[in-house]
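Participant: Pasting model_9.pdb below, which is PDB, C-alpha atoms.
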ATOM      1  CA  ARG A 292      32.355  55.557 -70.103
ATOM      2  CA  LEU A 293      34.282  52.656 -71.563
ATOM      3  CA  VAL A 294      37.305  51.470 -69.597
ATOM      4  CA  PRO A 295      39.555  48.401 -69.910
ATOM      5  CA  CYS A 296      37.955  45.387 -68.305
ATOM      6  CA  PHE A 297      40.718  44.992 -65.689
ATOM      7  CA  GLU A 298      39.929  48.484 -64.347
ATOM      8  CA  ALA A 299      36.263  47.672 -63.789
ATOM      9  CA  PRO A 300      35.119  46.681 -60.261
ATOM     10  CA  GLY A 301      35.205  42.936 -59.722
ATOM     11  CA  CYS A 302      37.228  42.191 -62.848
ATOM     12  CA  ARG A 303      39.066  38.874 -62.672
ATOM     13  CA  SER A 304      41.211  39.475 -65.754
ATOM     14  CA  SER A 305      44.882  40.409 -65.958
ATOM     15  CA  LYS A 306      46.031  43.718 -67.371
ATOM     16  CA  GLY A 307      46.570  42.027 -70.691
ATOM     17  CA  CYS A 308      42.810  41.716 -71.143
ATOM     18  CA  ARG A 309      41.563  43.643 -74.168
ATOM     19  CA  ARG A 310      37.903  43.426 -73.283
ATOM     20  CA  TYR A 311      36.075  46.603 -72.329
ATOM     21  CA  THR A 312      33.110  47.205 -70.089
ATOM     22  CA  ARG A 313      30.765  50.132 -69.597
ATOM     23  CA  LEU A 314      30.867  51.275 -65.974
ATOM     24  CA  ALA A 315      27.720  53.350 -66.306
ATOM     25  CA  SER A 316      25.706  50.273 -67.325
ATOM     26  CA  ARG A 317      26.125  48.644 -63.909
ATOM     27  CA  PRO A 318      23.525  50.131 -61.533
ATOM     28  CA  ALA A 319      23.985  50.471 -57.833
ATOM     29  CA  MET A 320      22.497  47.575 -55.852
ATOM     30  CA  SER A 321      20.321  49.728 -53.639
ATOM     31  CA  ARG A 322      17.072  47.916 -54.349
ATOM     32  CA  SER A 323      16.267  44.865 -52.243
ATOM     33  CA  VAL A 324      15.965  41.403 -53.752
ATOM     34  CA  ARG A 325      12.474  39.906 -53.906
ATOM     35  CA  ILE A 326      12.587  36.501 -52.253
ATOM     36  CA  ASN A 327       9.183  35.056 -53.164
ATOM     37  CA  GLY A 328       5.709  35.910 -54.378
ATOM     38  CA  PHE A 329       4.267  36.563 -50.924
ATOM     39  CA  GLN A 330       6.719  39.362 -50.246
ATOM     40  CA  SER A 331       4.983  42.721 -50.155
ATOM     41  CA  PRO A 332       3.813  44.689 -51.944
ATOM     42  CA  PRO A 333       1.396  42.505 -53.951
ATOM     43  CA  THR A 334       0.553  43.500 -57.495
ATOM     44  CA  VAL A 335      -2.899  44.366 -58.783
ATOM     45  CA  GLN A 336      -2.697  41.426 -61.218
ATOM     46  CA  GLN A 337      -1.852  39.074 -58.343
ATOM     47  CA  ILE A 338      -4.845  40.196 -56.295
ATOM     48  CA  GLY A 339      -7.148  40.031 -59.317
ATOM     49  CA  ALA A 340      -6.010  36.524 -60.311
ATOM     50  CA  PHE A 341      -6.442  35.180 -56.765
ATOM     51  CA  SER A 342      -9.881  36.758 -56.508
ATOM     52  CA  LEU A 343     -11.055  35.347 -59.844
ATOM     53  CA  VAL A 344      -9.842  31.788 -59.187
ATOM     54  CA  LEU A 345     -11.157  31.716 -55.616
ATOM     55  CA  SER A 346     -14.503  33.145 -56.771
ATOM     56  CA  SER A 347     -14.837  30.324 -59.287
ATOM     57  CA  THR A 348     -14.003  27.774 -56.567
ATOM     58  CA  PHE A 349     -16.499  29.230 -54.086
ATOM     59  CA  ILE A 350     -19.172  29.290 -56.796
ATOM     60  CA  ALA A 351     -18.529  25.605 -57.476
ATOM     61  CA  ALA A 352     -18.750  24.805 -53.780
ATOM     62  CA  GLY A 353     -21.933  26.823 -53.383
ATOM     63  CA  LEU A 354     -23.797  25.797 -56.540
ATOM     64  CA  LEU A 355     -22.488  22.344 -57.459
ATOM     65  CA  PHE A 356     -21.797  20.546 -54.195
ATOM     66  CA  PRO A 357     -25.285  21.071 -52.672
ATOM     67  CA  LEU A 358     -27.002  19.706 -55.797
ATOM     68  CA  ALA A 359     -24.653  16.784 -56.362
ATOM     69  CA  PRO A 360     -26.638  13.603 -55.720
ATOM     70  CA  ARG A 361     -25.521  11.508 -52.774
ATOM     71  CA  ASN A 362     -24.548   8.539 -54.903
ATOM     72  CA  ALA A 363     -21.354   7.292 -56.497
ATOM     73  CA  GLU A 364     -21.496   9.960 -59.212
ATOM     74  CA  GLY A 365     -22.006  12.929 -56.913
ATOM     75  CA  VAL A 366     -19.518  11.780 -54.262
ATOM     76  CA  SER A 367     -16.886  11.033 -56.931
ATOM     77  CA  PHE A 368     -17.296  14.514 -58.385
ATOM     78  CA  ILE A 369     -16.903  16.188 -54.986
ATOM     79  CA  VAL A 370     -13.888  14.066 -54.027
ATOM     80  CA  VAL A 371     -12.124  14.573 -57.376
ATOM     81  CA  TYR A 372     -12.789  18.328 -57.271
ATOM     82  CA  ILE A 373     -11.429  18.670 -53.739
ATOM     83  CA  VAL A 374      -8.323  16.544 -54.476
ATOM     84  CA  ILE A 375      -7.458  18.572 -57.571
ATOM     85  CA  PHE A 376      -8.057  21.805 -55.631
ATOM     86  CA  VAL A 377      -5.738  20.672 -52.823
ATOM     87  CA  VAL A 378      -3.017  19.652 -55.299
ATOM     88  CA  GLY A 379      -3.316  22.997 -57.074
ATOM     89  CA  PHE A 380      -3.293  24.915 -53.769
ATOM     90  CA  ILE A 381      -0.136  23.116 -52.575
ATOM     91  CA  SER A 382       1.505  23.772 -55.961
ATOM     92  CA  MET A 383       0.616  27.449 -55.698
ATOM     93  CA  ILE A 384       2.050  27.726 -52.168
ATOM     94  CA  TYR A 385       5.282  26.025 -53.225
ATOM     95  CA  THR A 386       5.590  28.089 -56.410
ATOM     96  CA  GLU A 387       5.122  31.326 -54.479
ATOM     97  CA  THR A 388       7.288  30.523 -51.446
ATOM     98  CA  VAL A 389      10.332  28.939 -53.127
ATOM     99  CA  ASP A 390      13.127  31.292 -54.109
ATOM    100  CA  PRO A 391      14.166  30.572 -57.735
ATOM    101  CA  ILE A 392      17.397  32.560 -57.397
ATOM    102  CA  ARG A 393      20.483  31.063 -59.007
ATOM    103  CA  GLU A 394      23.025  30.032 -56.379
ATOM    104  CA  GLN A 395      26.703  30.691 -57.092
ATOM    105  CA  ALA A 396      28.200  27.191 -57.047
ATOM    106  CA  GLN A 397      31.829  28.234 -57.182
ATOM    107  CA  ASP A 398      34.110  31.143 -56.432
ATOM    108  CA  VAL A 399      33.965  33.751 -59.183
ATOM    109  CA  SER A 400      37.733  34.247 -59.041
ATOM    110  CA  GLN A 401      38.211  30.620 -60.105
ATOM    111  CA  LEU A 402      36.032  30.911 -63.192
ATOM    112  CA  ASP A 403      37.305  31.159 -66.717
ATOM    113  CA  ARG A 404      37.628  34.856 -67.569
ATOM    114  CA  ASN A 405      35.772  34.267 -70.833
ATOM    115  CA  ARG A 406      32.653  33.138 -68.970
ATOM    116  CA  MET A 407      29.679  35.479 -68.846
ATOM    117  CA  VAL A 408      28.911  36.985 -65.451
ATOM    118  CA  CYS A 409      25.992  39.079 -64.273
ATOM    119  CA  GLN A 410      26.834  42.779 -64.215
ATOM    120  CA  TYR A 411      23.917  43.586 -61.912
ATOM    121  CA  CYS A 412      24.537  41.206 -58.991
ATOM    122  CA  ASP A 413      27.039  42.192 -56.301
ATOM    123  CA  ASN A 414      28.868  38.872 -56.444
ATOM    124  CA  GLU A 415      28.749  38.724 -60.256
ATOM    125  CA  LYS A 416      27.163  35.297 -60.572
ATOM    126  CA  GLU A 417      28.119  33.189 -63.525
ATOM    127  CA  MET A 418      25.579  33.484 -66.312
ATOM    128  CA  LYS A 419      24.500  30.615 -68.517
ATOM    129  CA  SER A 420      22.416  30.748 -71.679
ATOM    130  CA  THR A 421      19.268  29.873 -69.693
ATOM    131  CA  THR A 422      20.001  32.275 -66.821
ATOM    132  CA  LYS A 423      18.544  35.773 -66.748
ATOM    133  CA  HIS A 424      18.668  38.641 -64.309
ATOM    134  CA  CYS A 425      15.079  39.626 -63.484
ATOM    135  CA  HIS A 426      14.912  43.369 -62.920
ATOM    136  CA  LEU A 427      11.545  43.099 -61.151
ATOM    137  CA  CYS A 428      12.896  40.655 -58.547
ATOM    138  CA  ASN A 429      16.451  42.044 -58.787
ATOM    139  CA  LYS A 430      18.126  38.622 -58.930
ATOM    140  CA  CYS A 431      19.413  36.012 -61.355
ATOM    141  CA  VAL A 432      17.095  33.060 -61.980
ATOM    142  CA  SER A 433      18.377  29.702 -63.172
ATOM    143  CA  HIS A 434      16.543  28.331 -66.247
ATOM    144  CA  PHE A 435      14.489  31.524 -66.290
ATOM    145  CA  ASP A 436      11.107  31.022 -67.936
ATOM    146  CA  HIS A 437       9.265  34.247 -67.147
ATOM    147  CA  HIS A 438       8.275  36.608 -64.363
ATOM    148  CA  CYS A 439       4.661  35.816 -63.528
ATOM    149  CA  ILE A 440       2.836  39.019 -62.628
ATOM    150  CA  PHE A 441      -0.136  36.993 -61.377
ATOM    151  CA  LEU A 442       2.009  35.114 -58.832
ATOM    152  CA  ASN A 443       4.385  38.051 -58.318
ATOM    153  CA  THR A 444       7.467  35.842 -58.611
ATOM    154  CA  CYS A 445       9.872  34.451 -61.167
ATOM    155  CA  ILE A 446       9.341  31.025 -62.682
ATOM    156  CA  GLY A 447      12.569  29.084 -63.049
ATOM    157  CA  ALA A 448      14.176  25.698 -62.522
ATOM    158  CA  ARG A 449      13.038  25.398 -58.914
ATOM    159  CA  ASN A 450       9.356  26.128 -59.361
ATOM    160  CA  TYR A 451       8.509  25.629 -63.030
ATOM    161  CA  TRP A 452       6.889  22.205 -62.688
ATOM    162  CA  THR A 453       4.827  23.235 -59.677
ATOM    163  CA  PHE A 454       3.713  26.257 -61.712
ATOM    164  CA  PHE A 455       2.809  23.922 -64.562
ATOM    165  CA  THR A 456       0.898  21.697 -62.111
ATOM    166  CA  LEU A 457      -0.924  24.748 -60.747
ATOM    167  CA  ILE A 458      -2.213  25.973 -64.095
ATOM    168  CA  SER A 459      -3.113  22.382 -65.090
ATOM    169  CA  CYS A 460      -5.196  21.978 -61.920
ATOM    170  CA  ILE A 461      -6.928  25.308 -62.536
ATOM    171  CA  VAL A 462      -7.844  24.273 -66.082
ATOM    172  CA  VAL A 463      -9.157  20.859 -64.968
ATOM    173  CA  LEU A 464     -11.213  22.460 -62.165
ATOM    174  CA  GLN A 465     -12.824  24.922 -64.558
ATOM    175  CA  ILE A 466     -13.658  22.132 -67.026
ATOM    176  CA  LEU A 467     -15.225  20.066 -64.226
ATOM    177  CA  HIS A 468     -17.175  23.096 -63.057
ATOM    178  CA  ILE A 469     -18.551  23.960 -66.486
ATOM    179  CA  VAL A 470     -19.383  20.374 -67.499
ATOM    180  CA  TYR A 471     -21.078  19.428 -64.232
ATOM    181  CA  GLN A 472     -22.954  22.737 -64.059
ATOM    182  CA  ILE A 473     -24.351  22.198 -67.548
ATOM    183  CA  LEU A 474     -25.252  18.617 -66.590
ATOM    184  CA  LEU A 475     -27.192  19.862 -63.548
ATOM    185  CA  LEU A 476     -29.012  22.492 -65.628
ATOM    186  CA  VAL A 477     -30.035  19.803 -68.127
ATOM    187  CA  ARG A 478     -31.332  17.632 -65.289
ATOM    188  CA  ILE A 479     -33.289  20.552 -63.874
ATOM    189  CA  ALA A 480     -34.829  21.186 -67.300
ATOM    190  CA  ASN A 481     -35.785  17.481 -67.484
ATOM    191  CA  ASP A 482     -37.428  17.631 -64.000
ATOM    192  CA  ASP A 483     -35.010  15.223 -62.354
ATOM    193  CA  ASP A 484     -36.509  14.247 -58.967
ATOM    194  CA  ALA A 485     -33.160  13.930 -57.171
ATOM    195  CA  VAL A 486     -32.036  17.396 -58.264
ATOM    196  CA  GLU A 487     -35.390  18.969 -57.397
ATOM    197  CA  GLU A 488     -35.187  17.407 -53.947
ATOM    198  CA  ARG A 489     -31.785  18.968 -53.426
ATOM    199  CA  LEU A 490     -33.129  22.319 -54.657
ATOM    200  CA  ASP A 491     -35.885  22.224 -52.055
ATOM    201  CA  LYS A 492     -33.271  21.797 -49.320
ATOM    202  CA  ILE A 493     -31.383  24.943 -50.336
ATOM    203  CA  ALA A 494     -34.616  26.956 -50.718
ATOM    204  CA  LEU A 495     -34.233  27.758 -54.429
ATOM    205  CA  ASP A 496     -36.668  27.161 -57.250
ATOM    206  CA  LYS A 497     -35.585  25.883 -60.633
ATOM    207  CA  THR A 498     -35.868  29.230 -62.400
ATOM    208  CA  SER A 499     -33.819  31.145 -59.830
ATOM    209  CA  TYR A 500     -31.125  28.499 -59.673
ATOM    210  CA  SER A 501     -30.872  28.226 -63.458
ATOM    211  CA  ALA A 502     -30.598  32.000 -63.875
ATOM    212  CA  LEU A 503     -27.992  32.300 -61.092
ATOM    213  CA  ALA A 504     -25.946  29.357 -62.366
ATOM    214  CA  GLY A 505     -26.050  30.636 -65.942
ATOM    215  CA  ILE A 506     -24.789  34.086 -64.917
ATOM    216  CA  LEU A 507     -22.076  32.730 -62.626
ATOM    217  CA  LEU A 508     -20.784  30.417 -65.371
ATOM    218  CA  ILE A 509     -19.026  33.514 -66.677
ATOM    219  CA  PHE A 510     -16.329  33.137 -63.989
ATOM    220  CA  PRO A 511     -15.126  29.610 -64.881
ATOM    221  CA  VAL A 512     -15.398  30.370 -68.609
ATOM    222  CA  VAL A 513     -13.153  33.452 -68.247
ATOM    223  CA  VAL A 514     -10.656  31.557 -66.081
ATOM    224  CA  LEU A 515     -10.628  28.623 -68.492
ATOM    225  CA  ALA A 516     -10.028  30.875 -71.504
ATOM    226  CA  ALA A 517      -7.155  32.728 -69.827
ATOM    227  CA  VAL A 518      -5.386  29.875 -68.042
ATOM    228  CA  GLY A 519      -6.192  27.337 -70.771
ATOM    229  CA  SER A 520      -4.386  29.404 -73.390
ATOM    230  CA  LEU A 521      -1.427  29.754 -71.009
ATOM    231  CA  LEU A 522      -1.352  25.998 -70.420
ATOM    232  CA  GLY A 523      -1.521  25.317 -74.154
ATOM    233  CA  PHE A 524       1.415  27.657 -74.748
ATOM    234  CA  HIS A 525       3.550  25.950 -72.093
ATOM    235  CA  ILE A 526       2.712  22.528 -73.507
ATOM    236  CA  TYR A 527       3.855  23.826 -76.894
ATOM    237  CA  ILE A 528       7.188  25.273 -75.686
ATOM    238  CA  LYS A 529       7.938  22.097 -73.714
ATOM    239  CA  ALA A 530       7.186  20.018 -76.811
ATOM    240  CA  ILE A 531       9.787  22.011 -78.782
ATOM    241  CA  GLY A 532      12.231  21.985 -75.848
ATOM    242  CA  THR A 533      12.522  25.670 -74.959
ATOM    243  CA  THR A 534      11.359  28.219 -72.395
ATOM    244  CA  THR A 535       9.211  31.326 -72.598
ATOM    245  CA  PHE A 536      12.283  33.561 -72.326
ATOM    246  CA  LEU A 537      14.232  31.722 -75.032
ATOM    247  CA  TRP A 538      11.119  31.556 -77.244
ATOM    248  CA  ILE A 539      10.681  35.329 -76.981
ATOM    249  CA  LYS A 540      14.395  35.850 -77.715
ATOM    250  CA  ALA A 541      14.115  33.589 -80.755
ATOM    251  CA  LYS A 542      11.054  35.502 -81.980
ATOM    252  CA  ARG A 543      12.860  38.818 -81.539
ATOM    253  CA  ARG A 544      15.915  37.472 -83.356
ATOM    254  CA  MET A 545      13.749  36.199 -86.208
ATOM    255  CA  ARG A 546      11.991  39.565 -86.403
ATOM    256  CA  LEU A 547      15.318  41.407 -86.492
ATOM    257  CA  GLU A 548      16.646  39.031 -89.132
ATOM    258  CA  ARG A 549      13.500  39.542 -91.191
ATOM    259  CA  GLN A 550      13.844  43.313 -90.840
ATOM    260  CA  ASN A 551      17.511  43.106 -91.820
ATOM    261  CA  GLN A 552      16.604  40.986 -94.827
ATOM    262  CA  GLU A 553      13.926  43.473 -95.852
ATOM    263  CA  GLN A 554      16.373  46.352 -95.459
ATOM    264  CA  GLU A 555      18.987  44.463 -97.463
ATOM    265  CA  MET A 556      16.423  43.775-100.195
ATOM    266  CA  LYS A 557      15.530  47.467-100.260
ATOM    267  CA  ARG A 558      19.222  48.382-100.492
ATOM    268  CA  GLN A 559      19.685  45.877-103.310
ATOM    269  CA  GLN A 560      16.662  47.303-105.104
ATOM    270  CA  VAL A 561      18.043  50.831-104.686
ATOM    271  CA  ARG A 562      21.460  49.702-105.964
ATOM    272  CA  ALA A 563      19.813  47.908-108.887
ATOM    273  CA  ALA A 564      17.779  51.013-109.691
ATOM    274  CA  GLU A 565      20.909  53.177-109.489
ATOM    275  CA  GLU A 566      22.846  50.759-111.679
ATOM    276  CA  GLU A 567      19.989  50.708-114.183
ATOM    277  CA  GLN A 568      19.889  54.493-114.164
ATOM    278  CA  GLN A 569      23.649  54.634-114.639
ATOM    279  CA  LYS A 570      23.358  52.141-117.491
ATOM    280  CA  ILE A 571      20.624  54.216-119.115
ATOM    281  CA  SER A 572      22.727  57.354-118.660
ATOM    282  CA  ALA A 573      25.771  55.619-120.117
ATOM    283  CA  ASP A 574      23.736  54.403-123.107
ATOM    284  CA  ALA A 575      22.420  57.906-123.618
ATOM    285  CA  VAL A 576      25.945  59.325-123.477
ATOM    286  CA  ARG A 577      27.167  56.735-125.989
ATOM    287  CA  GLU A 578      24.248  57.472-128.316
ATOM    288  CA  GLN A 579      24.904  61.204-128.069
ATOM    289  CA  ALA A 580      28.588  60.615-128.704
ATOM    290  CA  ALA A 581      27.738  58.524-131.763
ATOM    291  CA  VAL A 582      25.420  61.249-133.043
ATOM    292  CA  ASP A 583      28.077  63.904-132.433
ATOM    293  CA  HIS A 584      30.672  61.770-134.169
ATOM    294  CA  LYS A 585      28.355  61.268-137.144
ATOM    295  CA  ASN A 586      27.606  64.980-137.355
ATOM    296  CA  LEU A 587      31.289  65.753-137.097
ATOM    297  CA  ALA A 588      32.063  63.294-139.875
ATOM    298  CA  GLU A 589      29.352  64.762-142.085
ATOM    299  CA  ARG A 590      30.602  68.273-141.403
ATOM    300  CA  PHE A 591      34.131  67.170-142.220
ATOM    301  CA  VAL A 592      33.012  65.646-145.502
ATOM    302  CA  THR A 593      31.091  68.811-146.333
ATOM    303  CA  ASP A 594      34.047  71.031-145.543
ATOM    304  CA  VAL A 595      36.383  68.860-147.596
ATOM    305  CA  THR A 596      33.956  68.951-150.500
ATOM    306  CA  LYS A 597      33.739  72.741-150.363
ATOM    307  CA  VAL A 598      37.486  73.118-150.232
ATOM    308  CA  SER A 599      37.913  70.738-153.144
ATOM    309  CA  GLU A 600      35.389  72.655-155.234
ATOM    310  CA  GLY A 601      37.198  75.925-154.428
ATOM    311  CA  VAL A 602      40.490  74.492-155.514
ATOM    312  CA  HIS A 603      39.053  73.300-158.789
ATOM    313  CA  LYS A 604      37.616  76.761-159.523
ATOM    314  CA  GLY A 605      40.999  78.378-158.823
ATOM    315  CA  ASP A 606      42.766  76.110-161.320
ATOM    316  CA  ALA A 607      40.354  76.966-164.234
ATOM    317  CA  LYS A 608      41.573  79.196-167.232
ATOM    318  CA  PRO A 609      40.985  83.004-167.052
ATOM    319  CA  GLU A 610      38.926  83.047-170.178
ATOM    320  CA  GLU A 611      36.777  80.284-168.859
ATOM    321  CA  ARG A 612      36.298  82.244-165.646
ATOM    322  CA  GLU A 613      35.295  85.364-167.679
ATOM    323  CA  VAL A 614      32.835  83.344-169.689
TER     324      VAL A 614
END
Could you render the structure as structure tokens?

Facilitator:
Amino acid sequence: RLVPCFEAPGCRSSKGCRRYTRLASRPAMSRSVRINGFQSPPTVQQIGAFSLVLSSTFIAAGLLFPLAPRNAEGVSFIVVYIVIFVVGFISMIYTETVDPIREQAQDVSQLDRNRMVCQYCDNEKEMKSTTKHCHLCNKCVSHFDHHCIFLNTCIGARNYWTFFTLISCIVVLQILHIVYQILLLVRIANDDDAVEERLDKIALDKTSYSALAGILLIFPVVVLAAVGSLLGFHIYIKAIGTTTFLWIKAKRRMRLERQNQEQEMKRQQVRAAEEEQQKISADAVREQAAVDHKNLAERFVTDVTKVSEGVHKGDAKPEEREV
């Protein structure tokens, strides 16, 4: 039900406030607040994403590192791969463990009564245009970007750039994996002595290794396609200066505006059709009235003529009438 704002729980306004609030729209805070991504229970998407990325990393370690030549090229590849993996792993740990909740910086009672506050939080935290209450985590997130189902946590001001670093590292690792794996397969096809020597040490022939490597390339390709598109999207929204949440809101607003415009155009077309029909009906009525008026005038002339002829016959001489 709708009640005056000053009667609602936690209202800071005086009784002169004319704002209204819906008490039924504020749910009871019985559900616990999710602190970070490692808090149980994990999601299926989280487990699947971890498994896919770790599988790609283990495949790289098992298929690429043993065949990398022990020279500047091979050592550089291994070192760069490990450094990027460590940076990405640290970014993932930080992104998952940090709590992106929005802290209440000041007492709610001291805020301007026209400020927006969260109707779901117990302490009614002040809401800004970039703040959103995540119903999955049950908390307000400052500079909310999105709730990542693959990390099982919200991405906001506190962990956005580590999230961005994480997906960047994943993309770079997959590119390194694919490029170096193709390079090794080309060297095997060209009977490179150094690569064949390394193959002998891991007890694999060229055909078996090539078939296994070709099949297992599916993992980094899938990861690259998924995470690469995500990274491209975040580069795009940062280039235009927005967030995922605000971008989605803008898209929804544009869609609603387009629908409203289409509905308004349809209403205008209906009104135009009705006005045209009314105009046609009015023209038809005027034409019928003109025809009726003409017929009436002709009938009047005919009647007058008949009466005049009758009068003339009545005035004639009797003998003339007998003749």

Participant: I'd like the interatomic distance between CA of Leu521 (chain A) and CA of Thr534 (chain A), to a tenth of an Å.

Facilitator: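 Calculated distance between CA of Leu521 (chain A) and CA of Thr534 (chain A) is 13.0 Å.
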
Participant: Determine the residue membership of the PyMOL selection byres ((chain A and resi 473-480) around 9) for the file above and supply it as a list in words.

Facilitator: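 Listing what the PyMOL selection byres ((chain A and resi 473-480) around 9) selects in the shown file: Leu355, Leu358, Ala359, His468, Ile469, Val470, Tyr471, Gln472, Asn481, Asp482, Asp483, Asp484, Val486, Glu487, Lys497, Tyr500, Ser501, Ala504 and Gly505 of chain A.
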
Participant: Given only C-alpha atoms as the basis, pick out the residue of A:Cys409, A:Val389, A:Leu442, A:Ile369 nearest to Gln337 (chain A).

Facilitator: A:Leu442

Participant: Enter the distance from CA of Glu364 (chain A) to CA of Ile509 (chain A), in Å, rounded to one decimal.

Facilitator: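 Going from CA of Glu364 (chain A) over to CA of Ile509 (chain A) covers 24.8 Å.
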
Participant: Would you write out, as a ChimeraX atom specification, every residue that the PyMOL selection byres ((chain A and resi 448) around 7) captures in this file?

Facilitator: /A:391,433-435,447,449-451

Participant: Keeping C-alpha atoms, export the residues of the selection given above as a PDB file, in the coordinates of the input.

Facilitator:
ATOM      1  CA  PRO A 391      14.166  30.572 -57.735  1.00  0.00           C
ATOM      2  CA  SER A 433      18.377  29.702 -63.172  1.00  0.00           C
ATOM      3  CA  HIS A 434      16.543  28.331 -66.247  1.00  0.00           C
ATOM      4  CA  PHE A 435      14.489  31.524 -66.290  1.00  0.00           C
ATOM      5  CA  GLY A 447      12.569  29.084 -63.049  1.00  0.00           C
ATOM      6  CA  ARG A 449      13.038  25.398 -58.914  1.00  0.00           C
ATOM      7  CA  ASN A 450       9.356  26.128 -59.361  1.00  0.00           C
ATOM      8  CA  TYR A 451       8.509  25.629 -63.030  1.00  0.00           C
TER       9      TYR A 451
END

Participant: Taking the file as shown, find all residues satisfying the PyMOL selection byres ((chain A and resi 380-387) around 7) and write them as a ChimeraX atom specification.

Facilitator: /A:327-329,376-379,388-389,442,444,450,453-454,456-457

Participant: Which residue is closest to Gln330 (chain A)? Choose from A:Leu354, A:Ile493, A:Cys428, A:Ala580 and count only C-alpha atoms.

Facilitator: A:Cys428

Participant: Need to verify the contact set: Val462 (chain A), 7 Å, only C-alpha atoms, exclusion of same-chain residues closer than 5 positions in sequence. Can you return it as a list in words?

Facilitator: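 My reading of the contact set: Leu515, Val518 and Gly519 of chain A.
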
Participant: Which residue out of A:Ile350, A:Val335, A:Met556, A:Leu467 has the minimum interatomic distance to Val371 (chain A) when all atoms listed in the file are used?

Facilitator: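 Under the stated criterion, the closest residue is A:Leu467.
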
Participant: Here is a test: counting all atoms listed in the file, which residue of A:Phe455, A:Asp390, A:Ile466, A:Cys445 is nearest to Tyr372 (chain A)?

Facilitator: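 The answer is A:Ile466, which sits nearest to Tyr372 (chain A).
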
Participant: Name the residues in contact with Ala485 (chain A) at a cut-off of 8 Å, using only C-alpha atoms, excluding same-chain residues fewer than 3 positions from it; report them as an mmCIF file with C-alpha atoms, in the frame of the given file.

Facilitator:
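Heads up, here's the output in part-v9.cif:
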data_model
loop_
_atom_site.group_PDB
_atom_site.id
_atom_site.type_symbol
_atom_site.label_atom_id
_atom_site.label_comp_id
_atom_site.auth_asym_id
_atom_site.auth_seq_id
_atom_site.Cartn_x
_atom_site.Cartn_y
_atom_site.Cartn_z
ATOM 1 C CA PRO A 360 -26.638 13.603 -55.720
ATOM 2 C CA GLU A 488 -35.187 17.407 -53.947
ATOM 3 C CA ARG A 489 -31.785 18.968 -53.426
#

Participant: Hey, which of A:Ile375, A:Trp452, A:Val595, A:Lys585 ends up closest to Asp436 (chain A)? Count all atoms listed in the file.

Facilitator: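 With all atoms listed in the file as the atom set, the closest residue is A:Trp452.
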
Participant: If I take CA of Leu508 (chain A) and CA of Ala340 (chain A), how far is one from the other in Å, to one decimal?

Facilitator: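 One can read the CA of Leu508 (chain A) to CA of Ala340 (chain A) distance as 16.8 Å.
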
Participant: I'd like to know which of A:Thr535, A:Gln465, A:Ser346, A:Ser367 is closest to Cys439 (chain A), using all atoms listed in the file.

Facilitator: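 When distances to Cys439 (chain A) are compared using all atoms listed in the file, the smallest one comes from A:Thr535.
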
Participant: Missing atoms in region 514-522 of chain A need filling: write out N, CA, C and O atoms for it as a tab-separated table (two decimals), in the frame of the given file.

Facilitator:
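Once everything was written out, this is out_32.tsv:
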chain	number	residue	atom	x	y	z
A	514	VAL	N	-11.88	32.17	-66.62
A	514	VAL	CA	-10.66	31.56	-66.08
A	514	VAL	C	-10.14	30.49	-67.04
A	514	VAL	O	-8.93	30.39	-67.29
A	515	LEU	N	-11.04	29.68	-67.57
A	515	LEU	CA	-10.63	28.62	-68.49
A	515	LEU	C	-10.00	29.20	-69.75
A	515	LEU	O	-8.98	28.68	-70.25
A	516	ALA	N	-10.58	30.27	-70.29
A	516	ALA	CA	-10.03	30.88	-71.50
A	516	ALA	C	-8.63	31.44	-71.26
A	516	ALA	O	-7.72	31.25	-72.08
A	517	ALA	N	-8.44	32.10	-70.11
A	517	ALA	CA	-7.16	32.73	-69.83
A	517	ALA	C	-6.09	31.69	-69.49
A	517	ALA	O	-5.02	31.65	-70.10
A	518	VAL	N	-6.39	30.83	-68.50
A	518	VAL	CA	-5.39	29.88	-68.04
A	518	VAL	C	-5.22	28.74	-69.06
A	518	VAL	O	-4.13	28.18	-69.20
A	519	GLY	N	-6.30	28.39	-69.76
A	519	GLY	CA	-6.19	27.34	-70.77
A	519	GLY	C	-5.25	27.70	-71.90
A	519	GLY	O	-4.47	26.87	-72.37
A	520	SER	N	-5.32	28.96	-72.35
A	520	SER	CA	-4.39	29.40	-73.39
A	520	SER	C	-2.95	29.41	-72.88
A	520	SER	O	-2.02	29.05	-73.61
A	521	LEU	N	-2.77	29.79	-71.60
A	521	LEU	CA	-1.43	29.75	-71.01
A	521	LEU	C	-0.90	28.32	-70.93
A	521	LEU	O	0.26	28.06	-71.26
A	522	LEU	N	-1.77	27.40	-70.51
A	522	LEU	CA	-1.35	26.00	-70.42
A	522	LEU	C	-1.01	25.45	-71.81
A	522	LEU	O	-0.01	24.72	-71.97
